[in-house]
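To start, the structure itself, in structure tokens.
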Amino acid sequence: MSDALKLTEVSKTFPVGRTLFGAVKGAVKAVHPITLSVRQGETLGIVGESGCGKSTLARMLVGLLEPTSGTIEIEGEALDTADPALFGKKIQYVFQDPISSLNPRKTIRQVMEAPLKHLYGMGVADRATRIAEIFDSVNLREEFLDRYPHEFSGGQAQRIGIARALAAKARILILDEPVSALDVSVQAQVLNLLADLKAQFDLTYLFISHDLAVVEAVSDRIAVLYFGSVVEIGPAEEIFAKPRHPYTRLLAQSAPVVGRPLTEPEAKGMELPDPLNPPPGCAFAARCPKAQDRCRSEVPRLERGEGATEVACFYPLSDAP
Amino acid sequence: MRAFLILLARNRLALAGGIVMAVVVLLALLTPVLSLADPDVTDTSNRFQPIFSEGALLGTDHLGRDLLSRLMWGTRLSLAVGFAAAIVAATLGAAIGIIAGFYGGRTDNIIMRGVDMLMAFPYILLALAIVAALGPGLFNALIAVAAVNVPFFARNIRGITVGIAHKEFVDAARLAGLSNTRIILSEILPNVVPVIVIAMSTTIGWMILETAGLSFLGLGSQPPQADLGSMLGEARSALITNPHTSIVPGVMILIIVMSINLLGDGVRDALDPRLKSGALSRPMAATRVDRRWPVPEPVGKGLLEVQGLETQFHVKDRVYRAVGGVDLHVETGECLGIIGESGSGKSVTALSLMGLVASPPGVITGGAVHYDGEDLIGAPYGRLRDMRGRNVAYIFQDPLSTLHPLYRVGDQLIEAIRAHRSIGKAEGQAKAVELLKAVRIPNAEQRVTDYPHEMSGGMRQRVGIAMALANDPDIIIADEPTTALDVTVQAQILTILDDLRRSRGLAIVFITHDFGVVAQLCDRVAVMYAGRIVEEGSTEDILQAPRHPYTARLMACVPELGGGKRRLEAIGGLPPVVDKLPEGCAFADRCLKVRPECRAGEIPLDRVGDRKVRCLYPEDGAREAAE
């Protein structure tokens with residue numbers, strides 16, 4: 001199967017503060033060089049906590065941010081320039097907050113027409129037919145088209161966001177926390193819709209979320225991000241069931257689960273490492289119960305161990321608990 | 001547009017200003033067709049005729065020109081120049097502001113420093129300099145007044161644009177292939193226009209004054225052409241002998257500027273979304289109480305006993321029944337979970353207990369909250385304030401917005417203590433450190449002098465908990481305290497709350513939407529839907545065998561870790577809007593087991609053992625357990 005999306009050593013550094021004459025004072029490495037690929041028709045889940053760089057990564061993939069280094073290949077073509085219009089036909093983005101991703105002063109019809117008009121130069125009649133088709137596939141009524149965003153509930157607005165992404169005929173969708181602003185009963189509706197659309201249009205998804213259970217329910221493979229790096233990547237059914245990286249295990253144990261007694265998975269009240277002054281070795285070393293001297297001086301790289309999982313850890317956990 | 005006009009008309013002063021302004025504008029427009037004397041014909045034999053003299057209703061000036069006619073033509077000119085200057089200034093200023101705000105970085109820096117330099121000059125000096133360079137004349141005065149006001153618009157609009165340019169819908173437009181110019185025109189501009197209108201409405205009066213000022217100095221309109229400023233200037237020499245020549249244009253300026261400013265304020269209030277949402281209408285210190293039924297007597301169950309609590313929001317002619325009769329109780333050392341989706345009324349219930357629902361629009365219309373036998377709903381404000389924090393304390397969802405950004409966390413903790421008892425400086429500091437230690441903040445001695453922004457979300461929420469503990473309350477109401485936090489941090493916060501409850505015998509009312517959290521922390525749980533409790537019982541029972549179809553299906557929606565890739569259960573449809581609640585069961589429209597009886601009449605919260613269910617055909621727990 002061919003790769004729909006291929007990242008080679010993609011990284012992003014943000015300058016922090018400038019002196020009077022424009023010299024940069026410091027830099028934050030939001031995303032450390034990441035290499036990964038998403039196969040055609042696959043759903044790759046990306047999990048991580050706030051500040052781990054998952055949204056920065058997503059914004060680079062759709063051209064809203066230009067990577068500091070590395071290349072992004074979409075369906076075999078390298079796209080180096082950060083021109084969203086060039087990206088727009090191939091890859092689209094579904095935003096976390098469905099309401100704020102819609103311009104409050106535009107009707108839904110205007111929102112839906114924008115990609116058809118600007119990416120494909122369609123005429124009025126063609127646009128109307130296409131919008132009707134798309135609205136049908138996301139279970140929205142056509143009478144919604146002449147309403148304004150504030151008239152919709154979160155779940156409906158998110159369907160409109162998905163419909164807009166579909167309108168660009170992109171075959172790859174970046175879903176950035178698409179259900180975290182929604183109530184659980186509505187969340188399930190949207191997730192099921194995404195699954196149906198994927199089958200119907202043969203889409204490839206990159207599904208970003210902080211909710212492990214949601215990611216697990218929709219993904220084929222999952223990548224765990226910590227402090228801007230992938231620390232573990234592998235098949236969805238294995239990654240939380242048999243975590244190899246201590247951070248993955250911590251995540252899996254922290255998620256509140258019905259029927260498991262409340263235990264604090266971490267004894268110390270640890271804080272995340274300072275992004276302005278990152279630790280020299282493994283970023284997780286300070287929180288890791290198994291950390292040794294090597295972890296604090298050398299950065300581990302992703303390596304395949306036993307099974308299909310790749311892990312960036314010098315002392316990965318074994319199967320035995 | 002109609003809503004805007006109605007809103008505007010509700011403001012009496014603005015309405016009066018608008019009417020006066022409309023009359024003045026109408027008269028100015030009609031001036032050419034009214035049969036007035038020629039304003040520029042001099043008749044020195046009839047100079048300084050008093051007001052109400054024959055042939056000249058407002059008298060004549062020092063050259064015998066008809067003052068009424070000059071006033072009308074002068075008003076016409078002054079208004080035209082003022083409006084033109086405002087439009088020029090707004091257009092230029094908005095264009096500069098939008099470009100600076102949208103592109104940001106160096107473009108922004110260069111433009112805004114230029115604007116700053118322009119603002120550094122006293123405006124009248126700048127206007128004089130521009131007129132001096134261009135030569136006197138009304139058109140040049142217009143340019144000067146417009147130029148002087150451009151920075152005001154540019155700064156205002158830039159600020160707004162910066163906020164909008166980073167909104168997600170702008171990113172979405174980019175992905176839809178829109179160019180920067182198109183994004184500015186079709187995405188940014190429509191969102192900025194209200195601000196431009198607001199800024200304009202409040203500055204037009206000012207610009208008319210400035211134009212009059214320049215004309216008064218002889219730099220604006222040139223004789224014999226009349227505008228209000230030049231009329232005043234010419235009348236200056238006769239100020240003592242013939243005051244009416246100054247008073248006539250002076251009063252007109254007063255009328256115009258006053259009415260424009262009143263109207264402008266009205267327009268601003270009606271357009272500003274923050275004002276519309278009632279953010280600036282000061283809520284009362286305690287929720288308004290208007291109980292239409294007799295207050296229920298306490299039956300002595302638990303430390304806090306809520307009976308038939310009803311809270312409504314009265315917005316215009318709509319009544320939102322956010323809480324429609326809730327019965328709850330909490331005992332010492334117990335943790336009660338309230339679970340529900342957004343809009344189910346769980347937060348409003350929690351805020352109603354201590355009268356913290358904003359009024360207007362909130363009104364408590366029924367029920368009672370008994371704390372240790374005392375009814376809190378009817379309690380006077382002084383008593384409520386005394387009990388807030390001391391007996392019942394709150395922890396809110398977003399610790400960043402509940403902590404004051406400009407004070408050190410230690411000082412905020414001490415302030416919370418001082419609200420109830422006086423405490424010395426050293427003692428306060430020691431108590432603050434002790435509180436931070438109680439919520440397990442590492443290096444409490446150092447962190448006590450931190451500002452909220454120096455802490456991570458998890459640390460801030462610990463401070464929020466510490467603040468709730470400051471006065472040793474008996475009950476803590478925690479409103480989604482971990483929703484904004486990462487899972488690893490959430491686990492830490494839940495452990496802290498659980499430990500505190502056990503070590504201090506605290507009662508906790510824990511509001512959440514997460515079954516996993518409820519399962520780990522709460523002894524009992526109440527499920528809310530559309531403002532009412534639909535099921536209540538011990539956490540274990542409910543999670544194992546939910547009896548209300550809503551609870552059962554909601555739980556099925558939640559994906560659990562370890563289930564692998566799969567299709568999730570969903571509940572079709574949406575919860576009812578609480579201003580149009582259906583007859584009978586609120587869940588009927590989404591329920592798979594609905595029968596005609598469900599839609600007819602009130603369904604009681606039936607008690608079976610220690611469980612309560614509001615359903616005519618509850619799920620059969622026994623049968624399901626057997627399967």
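Labeling convention for the structure tokens: chains A, B, ... as they appear, residues from 1 per chain, ligands from 1 in order of appearance.
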- At most 8 Å to chain A: residues in chain B, only C-alpha atoms, as an NGL selection string: :B and (167-178 or 187 or 190-191 or 341-342 or 440-442 or 456 or 486-488 or 490-492 or 494-495 or 515-517 or 519-521 or 543 or 554 or 557-572 or 574)
- Task: Within segment 121-258 of chain B, find each residue whose DSSP state, derived from the backbone, is helix (DSSP H, G or I), and express the selection as JSON, numbers by chain.
- Result: {"B": [123, 124, 125, 126, 127, 128, 129, 130, 131, 132, 133, 134, 138, 139, 140, 141, 142, 143, 144, 145, 146, 147, 148, 149, 150, 151, 152, 153, 154, 155, 156, 157, 158, 159, 160, 161, 162, 163, 164, 165, 168, 169, 170, 171, 172, 173, 174, 175, 180, 181, 182, 183, 184, 185, 186, 187, 188, 189, 190, 191, 192, 193, 194, 195, 196, 197, 198, 199, 200, 201, 202, 203, 204, 205, 206, 207, 208, 209, 210, 211, 212, 213, 214, 215, 216, 228, 229, 230, 231, 232, 233, 234, 235, 236, 237, 238, 244, 245, 246, 247, 248, 249, 250, 251, 252, 253, 254, 255, 256, 257, 258]}
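Compared by their closest atoms to Thr248 of chain A, and using only C-alpha atoms, the residues A:Val47, A:Tyr148, A:Leu206, A:Glu73 rank with A:Val47 nearest.
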- Item | Near-segment 138-142 of chain B list (7 Å; only C-alpha atoms; drop same-chain fewer than 4 positions) as a ChimeraX atom specification | /B:81,85,131,134,146,211,214,219-221
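The interatomic distance for the pair atom CA of Leu79 of chain A and atom CA of Val299 of chain A works out to 29.0 Å.
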- Residues near segment 423-433 of chain B, cut-off 12 Å, only C-alpha atoms, skip fewer than 5 positions along chain, as a PyMOL selection string: chain B and resi 408-418+438-450+463+466-472
- All strand (DSSP E or B) positions in segment 59-257 of chain A, as a VMD selection string: chain A and resid 69 to 74 77 to 78 91 to 94 172 to 176 204 to 209 221 to 226 229 to 235
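If you measure from each of A:Glu77, A:Glu310, A:Asp126, A:Asp136 to Ala223 of chain A using only C-alpha atoms, the closest one turns out to be A:Glu310.
The spacing separating atom CA of Cys615 of chain B from atom CA of Leu336 of chain B amounts to 21.5 Å.
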- Item | Shell around Gly367 of chain B at 12 Å using only C-alpha atoms, local window under 4 positions removed, as an NGL selection string | :B and (289-298 or 305-311 or 323-328 or 349 or 352-353 or 363 or 375-378)
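Between Ala28 of chain B and the candidates B:Ala322, B:Met387, B:Ala165, B:Ala80, the tightest atom-to-atom separation, counting only C-alpha atoms, involves B:Ala80.
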